[in-house]
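Q: Input structure: structure07.txt, which contains compact mmCIF, C-alpha atoms.
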# COMPACT_ATOMS: atom_id res chain seq x y z
CA MET A 99 23.12 6.23 -39.33
CA VAL A 100 25.58 4.77 -41.78
CA LYS A 101 24.12 4.16 -45.20
CA LYS A 102 24.72 0.65 -46.52
CA LEU A 103 26.58 0.67 -49.80
CA GLU A 104 26.02 -1.83 -52.55
CA VAL A 105 29.06 -2.60 -54.67
CA ALA A 106 28.45 -4.60 -57.81
CA ALA A 107 30.36 -7.86 -57.96
CA SER A 108 31.37 -7.00 -61.52
CA ASP A 109 33.03 -3.83 -60.18
CA LEU A 110 34.92 -5.86 -57.59
CA ARG A 111 36.03 -8.34 -60.22
CA GLY A 112 37.21 -5.51 -62.45
CA VAL A 113 39.18 -3.83 -59.67
CA ASN A 114 40.66 -7.17 -58.60
CA ARG A 115 41.76 -8.02 -62.13
CA LEU A 116 43.22 -4.57 -62.69
CA THR A 117 45.05 -4.71 -59.34
CA ILE A 118 46.56 -8.12 -60.00
CA GLU A 119 47.66 -7.10 -63.49
CA GLY A 120 49.04 -3.86 -62.08
CA ILE A 121 51.09 -5.73 -59.46
CA GLY A 122 52.41 -8.01 -62.18
CA GLY A 123 53.41 -4.98 -64.23
CA VAL A 124 55.27 -3.46 -61.27
CA VAL A 125 57.11 -6.75 -60.71
CA ASP A 126 58.19 -6.71 -64.37
CA LEU A 127 59.30 -3.10 -64.05
CA VAL A 128 61.38 -3.71 -60.91
CA GLU A 129 62.98 -6.82 -62.40
CA ALA A 130 63.95 -4.96 -65.58
CA MET A 131 65.55 -2.16 -63.58
CA HIS A 132 67.31 -4.72 -61.36
CA ARG A 133 68.80 -6.49 -64.39
CA ASN A 134 69.88 -3.28 -66.09
CA ILE A 135 71.49 -1.76 -63.01
CA ALA A 136 73.33 -4.99 -62.20
CA SER A 137 74.75 -5.48 -65.68
CA LEU A 138 75.39 -2.09 -67.28
CA PRO A 139 78.72 -0.24 -67.32
CA GLY A 140 77.35 3.21 -68.11
CA MET A 141 74.28 5.41 -67.79
CA LEU A 142 73.66 5.67 -71.52
CA ALA A 143 74.24 2.03 -72.39
CA LYS A 144 71.50 0.26 -74.24
CA PRO A 145 68.86 -1.73 -72.31
CA ASN A 146 69.92 -5.32 -71.65
CA GLY A 147 66.61 -7.22 -71.49
CA ASN A 148 63.86 -7.50 -68.91
CA ARG A 149 64.45 -10.80 -67.09
CA THR A 150 67.00 -11.76 -64.42
CA THR A 151 68.51 -15.21 -64.06
CA GLY A 152 69.57 -17.60 -61.30
CA ILE A 153 68.27 -17.12 -57.74
CA THR A 154 67.11 -13.57 -58.51
CA GLY A 155 65.08 -14.75 -61.48
CA LEU A 156 63.52 -17.51 -59.37
CA VAL A 157 62.38 -14.95 -56.80
CA TYR A 158 60.66 -12.80 -59.42
CA ARG A 159 59.01 -15.83 -61.05
CA SER A 160 57.71 -16.96 -57.66
CA ILE A 161 56.20 -13.56 -56.95
CA ARG A 162 54.42 -13.62 -60.31
CA GLY A 163 53.07 -17.10 -59.63
CA VAL A 164 51.63 -16.20 -56.23
CA VAL A 165 50.08 -12.98 -57.52
CA GLY A 166 48.47 -14.81 -60.46
CA LEU A 167 47.14 -17.63 -58.22
CA VAL A 168 45.57 -15.23 -55.72
CA GLY A 169 44.10 -13.08 -58.48
CA SER A 170 42.60 -16.01 -60.36
CA GLY A 171 41.06 -17.47 -57.21
CA LEU A 172 39.48 -14.18 -56.17
CA ASP A 173 38.21 -13.55 -59.69
CA MET A 174 36.54 -16.99 -59.74
CA LEU A 175 34.89 -16.32 -56.38
CA LEU A 176 33.55 -12.93 -57.51
CA ALA A 177 32.28 -14.51 -60.74
CA ARG A 178 30.13 -16.89 -58.67
CA LEU A 179 28.89 -14.08 -56.44
CA THR A 180 27.88 -11.82 -59.33
CA PRO A 181 24.37 -13.31 -59.79
CA LEU A 182 23.75 -13.05 -56.04
CA LEU A 183 24.99 -9.52 -55.47
CA GLY A 184 23.39 -7.93 -58.52
CA GLN A 185 24.87 -5.49 -61.01
CA ARG A 186 24.00 -2.09 -59.55
CA SER A 187 26.41 -0.14 -57.39
CA THR A 188 25.54 2.81 -55.18
CA TRP A 189 28.92 3.66 -53.67
CA PRO A 190 29.70 7.40 -53.90
CA GLY A 191 32.08 8.47 -56.61
CA ARG A 192 31.63 5.34 -58.72
CA GLU A 193 30.73 7.27 -61.88
CA THR A 194 33.64 9.69 -61.47
CA PHE A 195 36.07 6.88 -60.71
CA LEU A 196 35.01 4.82 -63.72
CA ALA A 197 35.16 7.84 -66.04
CA ALA A 198 38.72 8.70 -64.98
CA LEU A 199 39.83 5.07 -65.07
CA ASN A 200 38.41 4.57 -68.56
CA GLY A 201 40.03 7.77 -69.76
CA VAL A 202 43.47 6.56 -68.69
CA LEU A 203 43.15 2.79 -69.30
CA GLY A 204 39.93 2.42 -71.27
CA ASP A 205 41.45 0.74 -74.31
CA TYR A 206 43.12 -1.85 -72.09
CA LEU A 207 39.93 -2.43 -70.09
CA ALA A 208 37.96 -3.00 -73.28
CA ALA A 209 40.58 -5.28 -74.86
CA SER A 210 40.82 -7.41 -71.69
CA HIS A 211 37.00 -7.53 -71.33
CA ASN A 212 37.28 -5.98 -67.89
CA PRO A 213 33.83 -5.33 -66.34
CA LEU A 214 34.95 -1.78 -65.53
CA ALA A 215 35.08 -0.83 -69.22
CA ILE A 216 32.32 1.66 -70.10
CA THR A 217 29.93 0.66 -72.87
CA MET A 218 28.75 3.50 -75.10
CA ARG A 219 25.14 4.51 -74.59
CA VAL A 220 22.87 7.54 -74.47
CA ARG A 221 21.76 8.53 -70.98
CA ARG A 222 19.59 11.04 -69.14
CA ASP A 223 20.19 11.69 -65.44
CA GLY A 224 22.76 8.92 -65.50
CA ILE A 225 20.22 6.32 -66.70
CA ALA A 226 20.51 4.59 -70.06
CA VAL A 227 17.95 5.59 -72.68
CA PRO A 228 16.02 3.49 -73.37
CA GLY A 229 16.27 1.43 -70.20
CA GLU A 230 15.63 -2.28 -69.97
CA GLY A 231 12.22 -3.14 -71.41
CA GLN A 232 11.59 0.48 -72.37
CA THR A 233 11.05 2.24 -75.64
CA LEU A 234 12.31 5.72 -76.34
CA ALA A 235 8.77 7.05 -75.97
CA ALA A 236 8.55 5.60 -72.46
CA ALA A 237 12.03 6.76 -71.50
CA ILE A 238 11.47 10.31 -72.81
CA PRO A 239 7.71 10.90 -72.51
CA HIS A 240 7.90 14.58 -73.50
CA ALA A 241 10.36 14.24 -76.39
CA GLY A 242 10.19 17.10 -78.87
CA GLY A 243 11.25 17.60 -82.45
CA LYS A 244 14.47 19.43 -81.54
CA LEU A 245 17.13 16.99 -80.34
CA VAL A 246 20.45 18.03 -78.80
CA VAL A 247 23.10 15.42 -77.96
CA LEU A 248 25.89 16.46 -75.59
CA LEU A 249 29.27 14.66 -75.68
CA HIS A 250 31.64 14.83 -72.69
CA GLY A 251 35.43 15.03 -72.72
CA LEU A 252 38.35 12.83 -71.68
CA CYS A 253 38.11 11.17 -68.24
CA MET A 254 34.60 12.60 -67.81
CA ASN A 255 31.06 11.28 -68.16
CA ASP A 256 27.60 12.48 -69.07
CA LEU A 257 27.01 13.73 -65.51
CA SER A 258 29.97 16.10 -65.90
CA TRP A 259 27.69 18.49 -67.81
CA ARG A 260 26.18 19.39 -64.44
CA ARG A 261 28.66 21.79 -62.92
CA LYS A 262 28.15 24.49 -60.32
CA GLY A 263 24.39 24.14 -60.58
CA HIS A 264 24.31 24.53 -64.36
CA ASP A 265 23.77 22.15 -67.27
CA HIS A 266 23.91 23.48 -70.85
CA GLY A 267 21.49 20.77 -72.00
CA ALA A 268 18.90 21.43 -69.31
CA ALA A 269 19.16 25.17 -69.93
CA LEU A 270 18.55 24.69 -73.67
CA ALA A 271 15.49 22.59 -72.87
CA ARG A 272 14.17 25.34 -70.64
CA ASP A 273 14.94 28.28 -72.93
CA LEU A 274 14.71 26.95 -76.49
CA GLY A 275 12.64 23.78 -76.24
CA TYR A 276 15.38 21.26 -77.07
CA THR A 277 15.21 17.70 -75.78
CA PRO A 278 18.67 16.89 -74.42
CA VAL A 279 20.32 13.46 -74.24
CA TYR A 280 23.88 12.80 -73.14
CA LEU A 281 26.44 10.42 -74.62
CA HIS A 282 28.30 8.22 -72.13
CA TYR A 283 31.39 6.59 -73.64
CA ASN A 284 34.81 5.09 -72.90
CA SER A 285 37.13 8.03 -73.54
CA GLY A 286 40.22 5.80 -73.46
CA LEU A 287 39.37 4.23 -76.81
CA HIS A 288 40.59 5.78 -80.05
CA VAL A 289 38.55 8.81 -81.09
CA SER A 290 37.80 7.12 -84.42
CA THR A 291 36.54 3.99 -82.63
CA ASN A 292 34.15 6.10 -80.60
CA GLY A 293 33.25 8.17 -83.65
CA GLN A 294 32.16 5.11 -85.62
CA ALA A 295 30.23 3.70 -82.67
CA PHE A 296 28.51 7.03 -82.05
CA ALA A 297 27.54 7.37 -85.72
CA GLY A 298 25.79 3.99 -85.52
CA LEU A 299 24.17 4.77 -82.19
CA LEU A 300 22.87 8.09 -83.50
CA GLU A 301 21.43 6.37 -86.55
CA ASP A 302 19.37 4.11 -84.27
CA LEU A 303 18.41 6.99 -81.99
CA VAL A 304 17.10 9.19 -84.81
CA GLN A 305 15.19 6.32 -86.42
CA GLN A 306 13.50 5.43 -83.13
CA TRP A 307 12.81 8.99 -81.97
CA PRO A 308 9.14 9.08 -80.90
CA VAL A 309 8.22 12.25 -82.85
CA SER A 310 9.27 13.73 -86.18
CA LEU A 311 12.61 15.51 -85.84
CA THR A 312 13.01 19.00 -87.24
CA GLU A 313 16.50 19.63 -85.90
CA VAL A 314 19.47 17.66 -84.54
CA VAL A 315 22.30 19.48 -82.75
CA LEU A 316 25.55 18.04 -81.39
CA ILE A 317 27.47 19.83 -78.64
CA GLY A 318 30.90 18.42 -77.83
CA HIS A 319 33.18 19.50 -75.00
CA SER A 320 36.91 18.83 -75.39
CA MET A 321 37.44 15.29 -76.75
CA GLY A 322 33.66 15.08 -77.23
CA GLY A 323 34.01 17.55 -80.09
CA LEU A 324 36.52 15.28 -81.82
CA VAL A 325 34.19 12.30 -81.39
CA ALA A 326 31.34 14.34 -82.90
CA ARG A 327 33.46 15.34 -85.91
CA SER A 328 34.63 11.76 -86.36
CA ALA A 329 31.02 10.57 -86.26
CA CYS A 330 30.09 13.07 -88.96
CA HIS A 331 32.90 11.72 -91.14
CA TYR A 332 31.91 8.08 -90.70
CA GLY A 333 28.20 8.90 -90.94
CA MET A 334 28.88 10.47 -94.33
CA LEU A 335 30.82 7.40 -95.51
CA ALA A 336 28.00 5.11 -94.36
CA ARG A 337 25.31 7.43 -95.78
CA HIS A 338 23.51 7.48 -92.47
CA GLU A 339 20.06 9.03 -92.35
CA TRP A 340 20.81 11.15 -89.27
CA LEU A 341 23.41 13.30 -91.02
CA PRO A 342 20.96 15.25 -93.24
CA SER A 343 18.98 16.03 -90.05
CA LEU A 344 22.07 17.51 -88.37
CA THR A 345 21.72 21.29 -88.49
CA ARG A 346 24.39 22.50 -86.06
CA LEU A 347 27.64 21.34 -84.52
CA VAL A 348 28.89 23.26 -81.47
CA LEU A 349 32.49 22.49 -80.46
CA VAL A 350 33.46 23.75 -77.01
CA GLY A 351 37.13 23.76 -76.01
CA THR A 352 37.87 21.05 -78.58
CA PRO A 353 41.56 20.31 -79.33
CA HIS A 354 41.12 20.13 -83.11
CA HIS A 355 44.90 20.19 -83.57
CA GLY A 356 45.91 18.55 -80.32
CA ALA A 357 46.97 19.54 -76.83
CA PRO A 358 50.53 20.39 -75.67
CA LEU A 359 50.26 18.18 -72.56
CA GLU A 360 50.11 14.98 -74.65
CA ARG A 361 52.92 16.16 -76.92
CA GLY A 362 54.97 16.83 -73.77
CA GLY A 363 54.22 13.31 -72.55
CA ASN A 364 55.55 11.94 -75.82
CA TRP A 365 58.87 13.74 -75.30
CA VAL A 366 59.09 12.35 -71.75
CA ASP A 367 58.71 8.84 -73.19
CA MET A 368 61.64 9.46 -75.52
CA LEU A 369 63.90 10.92 -72.80
CA LEU A 370 63.20 8.10 -70.37
CA GLY A 371 64.02 5.55 -73.05
CA ALA A 372 67.42 7.14 -73.71
CA SER A 373 69.07 5.42 -70.72
CA ALA A 374 68.92 1.76 -69.77
CA TYR A 375 68.50 2.75 -66.13
CA SER A 376 65.41 4.79 -66.87
CA ALA A 377 64.11 2.79 -69.87
CA PRO A 378 61.86 0.55 -67.71
CA LEU A 379 60.20 3.70 -66.35
CA ALA A 380 59.18 4.65 -69.89
CA ARG A 381 56.58 1.89 -69.57
CA LEU A 382 54.74 4.03 -67.04
CA GLY A 383 54.33 6.77 -69.63
CA LYS A 384 53.02 4.20 -72.11
CA ILE A 385 50.22 3.18 -69.79
CA ARG A 386 48.15 6.08 -71.09
CA SER A 387 45.26 5.16 -73.34
CA ALA A 388 44.76 5.39 -77.09
CA GLY A 389 42.29 8.19 -76.49
CA ILE A 390 44.96 10.26 -74.74
CA THR A 391 47.57 9.71 -77.44
CA ASP A 392 44.99 10.74 -80.06
CA LEU A 393 45.03 14.16 -78.41
CA ARG A 394 48.65 14.75 -79.43
CA PHE A 395 47.51 16.10 -82.80
CA GLY A 396 43.73 15.59 -82.76
CA ASN A 397 43.32 12.26 -84.56
CA LEU A 398 39.86 11.65 -86.01
CA VAL A 399 40.04 8.63 -88.32
CA ASP A 400 41.58 5.15 -88.25
CA GLU A 401 44.21 6.12 -90.82
CA ASP A 402 45.69 8.60 -88.34
CA TRP A 403 46.90 5.81 -86.05
CA ASN A 404 46.50 2.47 -87.82
CA GLN A 405 49.79 0.65 -88.56
CA ARG A 406 51.73 3.20 -86.50
CA ASP A 407 53.35 3.14 -83.08
CA ARG A 408 51.22 5.65 -81.21
CA PHE A 409 54.06 6.36 -78.76
CA GLU A 410 56.63 7.07 -81.47
CA LEU A 411 57.90 10.61 -81.64
CA GLY A 412 56.97 12.02 -85.05
CA ASP A 413 55.30 14.71 -87.07
CA ASP A 414 51.61 15.38 -87.54
CA ARG A 415 50.53 13.03 -90.31
CA ARG A 416 46.78 13.25 -89.94
CA ALA A 417 44.37 12.89 -92.81
CA ALA A 418 42.55 16.18 -93.46
CA VAL A 419 38.94 15.96 -92.26
CA PRO A 420 36.96 19.12 -93.04
CA LEU A 421 33.90 20.32 -91.19
CA PRO A 422 30.72 18.56 -92.36
CA GLU A 423 29.06 20.18 -95.35
CA GLY A 424 25.62 21.73 -94.92
CA VAL A 425 26.00 21.98 -91.14
CA ALA A 426 26.40 25.24 -89.24
CA CYS A 427 29.61 24.70 -87.23
CA TYR A 428 30.57 26.80 -84.21
CA ALA A 429 33.81 26.92 -82.20
CA ILE A 430 34.13 28.17 -78.63
CA ALA A 431 37.61 28.60 -77.18
CA ALA A 432 38.65 29.75 -73.73
CA THR A 433 41.66 31.47 -72.24
CA THR A 434 42.74 32.12 -68.68
CA GLY A 435 43.87 35.55 -69.86
CA LYS A 436 41.64 38.49 -69.01
CA ALA A 437 41.92 40.20 -72.40
CA ALA A 438 42.97 39.51 -75.98
CA GLY A 439 46.74 39.45 -76.36
CA ASP A 440 47.57 38.28 -72.82
CA LEU A 441 50.58 35.98 -72.66
CA SER A 442 48.38 33.15 -71.36
CA ASP A 443 46.31 33.58 -74.54
CA ARG A 444 49.20 32.57 -76.70
CA LEU A 445 50.85 29.99 -74.44
CA LEU A 446 48.18 28.31 -72.31
CA GLY A 447 44.74 28.94 -73.76
CA ASP A 448 42.28 27.44 -71.28
CA GLY A 449 45.04 25.57 -69.45
CA ILE A 450 44.70 22.45 -71.61
CA VAL A 451 43.72 23.49 -75.14
CA PRO A 452 45.45 26.43 -76.91
CA LEU A 453 43.28 29.05 -78.58
CA ALA A 454 44.49 28.21 -82.09
CA SER A 455 43.67 24.53 -81.61
CA ALA A 456 40.19 25.23 -80.22
CA LEU A 457 39.44 27.62 -83.09
CA GLY A 458 40.68 25.18 -85.74
CA ARG A 459 43.58 27.34 -86.92
CA HIS A 460 46.61 25.60 -88.41
CA ALA A 461 49.70 26.63 -90.36
CA LYS A 462 48.89 24.01 -93.00
CA PRO A 463 45.87 25.22 -95.00
CA GLY A 464 44.71 21.65 -95.60
CA LEU A 465 44.32 21.03 -91.88
CA ALA A 466 42.79 24.39 -90.94
CA LEU A 467 39.05 24.33 -90.22
CA ALA A 468 36.84 26.85 -91.99
CA PHE A 469 34.76 28.23 -89.14
CA ASP A 470 33.00 31.42 -90.23
CA PRO A 471 34.24 34.37 -88.13
CA PRO A 472 30.75 35.03 -86.64
CA ARG A 473 30.72 31.39 -85.52
CA GLN A 474 33.92 31.67 -83.48
CA TRP A 475 33.93 32.98 -79.94
CA VAL A 476 36.47 33.25 -77.12
CA ALA A 477 35.66 33.17 -73.40
CA TYR A 478 38.18 35.15 -71.35
CA ASP A 479 39.24 34.48 -67.76
CA THR A 480 37.87 30.96 -68.22
CA ASN A 481 39.54 27.57 -67.86
CA HIS A 482 38.79 24.30 -69.60
CA LEU A 483 36.25 23.01 -67.08
CA ASP A 484 34.61 26.42 -66.59
CA LEU A 485 33.37 26.08 -70.18
CA LEU A 486 30.75 23.71 -68.75
CA SER A 487 29.36 26.16 -66.21
CA SER A 488 30.12 29.64 -67.58
CA ALA A 489 27.03 31.83 -67.95
CA ALA A 490 28.75 33.70 -70.80
CA VAL A 491 29.46 30.47 -72.67
CA TYR A 492 25.87 29.35 -72.32
CA ALA A 493 24.60 32.75 -73.42
CA GLN A 494 26.66 32.45 -76.61
CA ILE A 495 25.40 28.92 -77.34
CA ASN A 496 21.84 30.10 -76.67
CA ARG A 497 22.33 33.06 -79.02
CA TRP A 498 23.64 30.86 -81.83
CA LEU A 499 20.95 28.18 -81.49
CA GLY A 500 18.25 30.79 -81.26
CA GLU A 501 19.12 32.08 -84.74
CA PRO A 502 18.30 30.40 -88.06
CA ALA A 503 21.04 27.88 -88.88
Do you think you could lay out the structure here as structure tokens?

A:
Amino acid sequence: MVKKLEVAASDLRGVNRLTIEGIGGVVDLVEAMHRNIASLPGMLAKPNGNRTTGITGLVYRSIRGVVGLVGSGLDMLLARLTPLLGQRSTWPGRETFLAALNGVLGDYLAASHNPLAITMRVRRDGIAVPGEGQTLAAAIPHAGGKLVVLLHGLCMNDLSWRRKGHDHGAALARDLGYTPVYLHYNSGLHVSTNGQAFAGLLEDLVQQWPVSLTEVVLIGHSMGGLVARSACHYGMLARHEWLPSLTRLVLVGTPHHGAPLERGGNWVDMLLGASAYSAPLARLGKIRSAGITDLRFGNLVDEDWNQRDRFELGDDRRAAVPLPEGVACYAIAATTGKAAGDLSDRLLGDGIVPLASALGRHAKPGLALAFDPPRQWVAYDTNHLDLLSSAAVYAQINRWLGEPA
């Protein structure tokens, strides 16, 4: 028996809009290459514009017109169907697809008001807390005084904490009596944008918590750790009431000083732009989101990117943001090496984040993070995603949270 799938009309509209805009972008790309190849005398000549003229230009303009007409008509039809089809989707993989899409294009989806853009919220079991018409007390009937909020990484979602039958949040509830909630956010937005939004959301969450809170803990994986640190910074500036309740901050595989993959992508942009023949292809590299480019150095605040070309090749000019005062801060790093000193230790780390970055170490003292040595720990023979399911990683988190802060 084939299970009937419900696909939300808003999802269809979002995919349609993204597809039409994507086709338009490809048309622009092909036309730019066509013009450059037809008019340039040498491989390293400078780019000569994006548009063709004459018959060729007419062809490209016609293609754009047809694509826009079809897209607009379909979008209007789906807009009328939205109230009839409902907003919930049950097709398999929707959550994973949306998380990856938002990680890569999330800033564009949000700016274009695309229905596929993820709205930040706190969830449990993939359901927003509180749900429609609910209070926090109804949504979490057994809420306790020890709250732990878990923040996912780039291109992931709150359900990503469940991996290989394990969930750090659920395990902490079972073993130490924490009440876990999970942040769901658009990881393609700037880290500082998400940090400010999370600080405000946490303020509301703590104020509405159904019982008196004795402890608030944040656990961030990968980019989630940067969002947590950014929220602490903006919560301090806004004098939020949740910050004094924050006792611990656990940062798991967090690229405090960036990730080599994004820095490599920045060099590819520069090399592609060096030739007029390849310059149009540099646009493909610049599709990546603001969230991804923030990972080049580990941007945390607006000043790190505001009034700057985020694709420009340059030095690390971040503002120094120390660890929050009065909070016990812990750093967990991972390496695919099997022992300290392995080559993969120094070069690869966990495959995405180098050890030094995950442990907050930096050659510039002003940027280095002051994690106490007993609050740093390295997982060996472990990759970036294994940090979510490793029994050894959980045992270390459990050990730390089981001790007085």

Q: Residues at most 9 Å from region 425-437 of chain A, counting all atoms listed in the file, excluding those fewer than 5 positions away in the same chain, as an MDAnalysis selection string?

A: chainID A and resid 342 344:352 442:444 446:449 451:458 468:470 472:482 484:485 491 494:495 498 503

Q: Print the selection's residues with C-alpha atoms to a file, as a PDB file, in the frame of the given file.

A:
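Result went into selection.pdb, see below:
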ATOM      1  CA  PRO A 342      20.960  15.250 -93.240  1.00  0.00           C
ATOM      2  CA  LEU A 344      22.070  17.510 -88.370  1.00  0.00           C
ATOM      3  CA  THR A 345      21.720  21.290 -88.490  1.00  0.00           C
ATOM      4  CA  ARG A 346      24.390  22.500 -86.060  1.00  0.00           C
ATOM      5  CA  LEU A 347      27.640  21.340 -84.520  1.00  0.00           C
ATOM      6  CA  VAL A 348      28.890  23.260 -81.470  1.00  0.00           C
ATOM      7  CA  LEU A 349      32.490  22.490 -80.460  1.00  0.00           C
ATOM      8  CA  VAL A 350      33.460  23.750 -77.010  1.00  0.00           C
ATOM      9  CA  GLY A 351      37.130  23.760 -76.010  1.00  0.00           C
ATOM     10  CA  THR A 352      37.870  21.050 -78.580  1.00  0.00           C
ATOM     11  CA  SER A 442      48.380  33.150 -71.360  1.00  0.00           C
ATOM     12  CA  ASP A 443      46.310  33.580 -74.540  1.00  0.00           C
ATOM     13  CA  ARG A 444      49.200  32.570 -76.700  1.00  0.00           C
ATOM     14  CA  LEU A 446      48.180  28.310 -72.310  1.00  0.00           C
ATOM     15  CA  GLY A 447      44.740  28.940 -73.760  1.00  0.00           C
ATOM     16  CA  ASP A 448      42.280  27.440 -71.280  1.00  0.00           C
ATOM     17  CA  GLY A 449      45.040  25.570 -69.450  1.00  0.00           C
ATOM     18  CA  VAL A 451      43.720  23.490 -75.140  1.00  0.00           C
ATOM     19  CA  PRO A 452      45.450  26.430 -76.910  1.00  0.00           C
ATOM     20  CA  LEU A 453      43.280  29.050 -78.580  1.00  0.00           C
ATOM     21  CA  ALA A 454      44.490  28.210 -82.090  1.00  0.00           C
ATOM     22  CA  SER A 455      43.670  24.530 -81.610  1.00  0.00           C
ATOM     23  CA  ALA A 456      40.190  25.230 -80.220  1.00  0.00           C
ATOM     24  CA  LEU A 457      39.440  27.620 -83.090  1.00  0.00           C
ATOM     25  CA  GLY A 458      40.680  25.180 -85.740  1.00  0.00           C
ATOM     26  CA  ALA A 468      36.840  26.850 -91.990  1.00  0.00           C
ATOM     27  CA  PHE A 469      34.760  28.230 -89.140  1.00  0.00           C
ATOM     28  CA  ASP A 470      33.000  31.420 -90.230  1.00  0.00           C
ATOM     29  CA  PRO A 472      30.750  35.030 -86.640  1.00  0.00           C
ATOM     30  CA  ARG A 473      30.720  31.390 -85.520  1.00  0.00           C
ATOM     31  CA  GLN A 474      33.920  31.670 -83.480  1.00  0.00           C
ATOM     32  CA  TRP A 475      33.930  32.980 -79.940  1.00  0.00           C
ATOM     33  CA  VAL A 476      36.470  33.250 -77.120  1.00  0.00           C
ATOM     34  CA  ALA A 477      35.660  33.170 -73.400  1.00  0.00           C
ATOM     35  CA  TYR A 478      38.180  35.150 -71.350  1.00  0.00           C
ATOM     36  CA  ASP A 479      39.240  34.480 -67.760  1.00  0.00           C
ATOM     37  CA  THR A 480      37.870  30.960 -68.220  1.00  0.00           C
ATOM     38  CA  ASN A 481      39.540  27.570 -67.860  1.00  0.00           C
ATOM     39  CA  HIS A 482      38.790  24.300 -69.600  1.00  0.00           C
ATOM     40  CA  ASP A 484      34.610  26.420 -66.590  1.00  0.00           C
ATOM     41  CA  LEU A 485      33.370  26.080 -70.180  1.00  0.00           C
ATOM     42  CA  VAL A 491      29.460  30.470 -72.670  1.00  0.00           C
ATOM     43  CA  GLN A 494      26.660  32.450 -76.610  1.00  0.00           C
ATOM     44  CA  ILE A 495      25.400  28.920 -77.340  1.00  0.00           C
ATOM     45  CA  TRP A 498      23.640  30.860 -81.830  1.00  0.00           C
ATOM     46  CA  ALA A 503      21.040  27.880 -88.880  1.00  0.00           C
TER      47      ALA A 503
END

Q: Measuring between all atoms listed in the file, which one of A:Ala417, A:Val325, A:Leu316, A:Ala490 shows the shortest distance to Leu465 (chain A)?

A: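 For Leu465 (chain A), the nearest of the candidates is A:Ala417.
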
Q: Could you tell me, as an NGL selection string, which residues have any atom at most 10 Å from (45.8, 19.3, -81.5), counting all atoms listed in the file?

A: :A and (352-358 or 360-361 or 392-397 or 414 or 451-452 or 454-456 or 458-460)

Q: Enter the distance from CA of Ser343 (chain A) to CA of Pro420 (chain A), in Å, rounded to one decimal.

A: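 Value for the CA of Ser343 (chain A)-CA of Pro420 (chain A) distance: 18.5 Å.
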
Q: Could you tell me how far CA of Ala297 (chain A) sits from CA of Asp256 (chain A), in Å to one decimal place?

A: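 So the two atoms, CA of Asp256 (chain A) and CA of Ala297 (chain A), lie 17.4 Å apart.
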
Q: For a quick check of your reading of the model, name the residues lying within 12 Å of the coordinate (43.4, 9.7, -93.1), counting all atoms listed in the file, and write them as an MDAnalysis selection string.

A: chainID A and resid 290 328 331:332 396:405 414:420 465

Q: Report the distance between CA of Ala271 (chain A) and CA of Glu193 (chain A) in Å, rounded to one decimal place.

A: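 Spanning CA of Ala271 (chain A) to CA of Glu193 (chain A) is a straight-line distance of 24.2 Å.
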
Q: Rank nothing, just name the residue among A:Leu311, A:Cys330, A:Leu281, A:Gly267 nearest to Gln294 (chain A), using all atoms listed in the file.

A: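 Nearest to Gln294 (chain A): A:Cys330.
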
Q: Nearest to Asn255 (chain A): which of A:Leu300, A:Ala198, A:Ala268, A:Ala388 is it, counting only C-alpha atoms?

A: A:Ala198

Q: From the list A:Arg221, A:Arg260, A:His338, A:Lys462, which residue is nearest Gln305 (chain A) when using only C-alpha atoms?

A: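 Once distances to Gln305 (chain A) are computed over only C-alpha atoms, the minimum belongs to A:His338.
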
Q: Could you check which of A:Leu252, A:Ile317, A:His282, A:Tyr492 is closest to Ile450 (chain A), using all atoms listed in the file?

A: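 Under the stated criterion, the closest residue is A:Leu252.
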
Q: Do a neighbour search on Ala237 (chain A) at 12 Å with all atoms listed in the file, toss out local chain neighbours closer than 5 positions, and write the hits as an MDAnalysis selection string.

A: chainID A and resid 220:223 225:232 279 306:308

Q: Measuring between only C-alpha atoms, which one of A:Cys253, A:Leu486, A:Ala236, A:Leu299 shows the shortest distance to Thr194 (chain A)?

A: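 That would be A:Cys253, the residue with the smallest distance to Thr194 (chain A).
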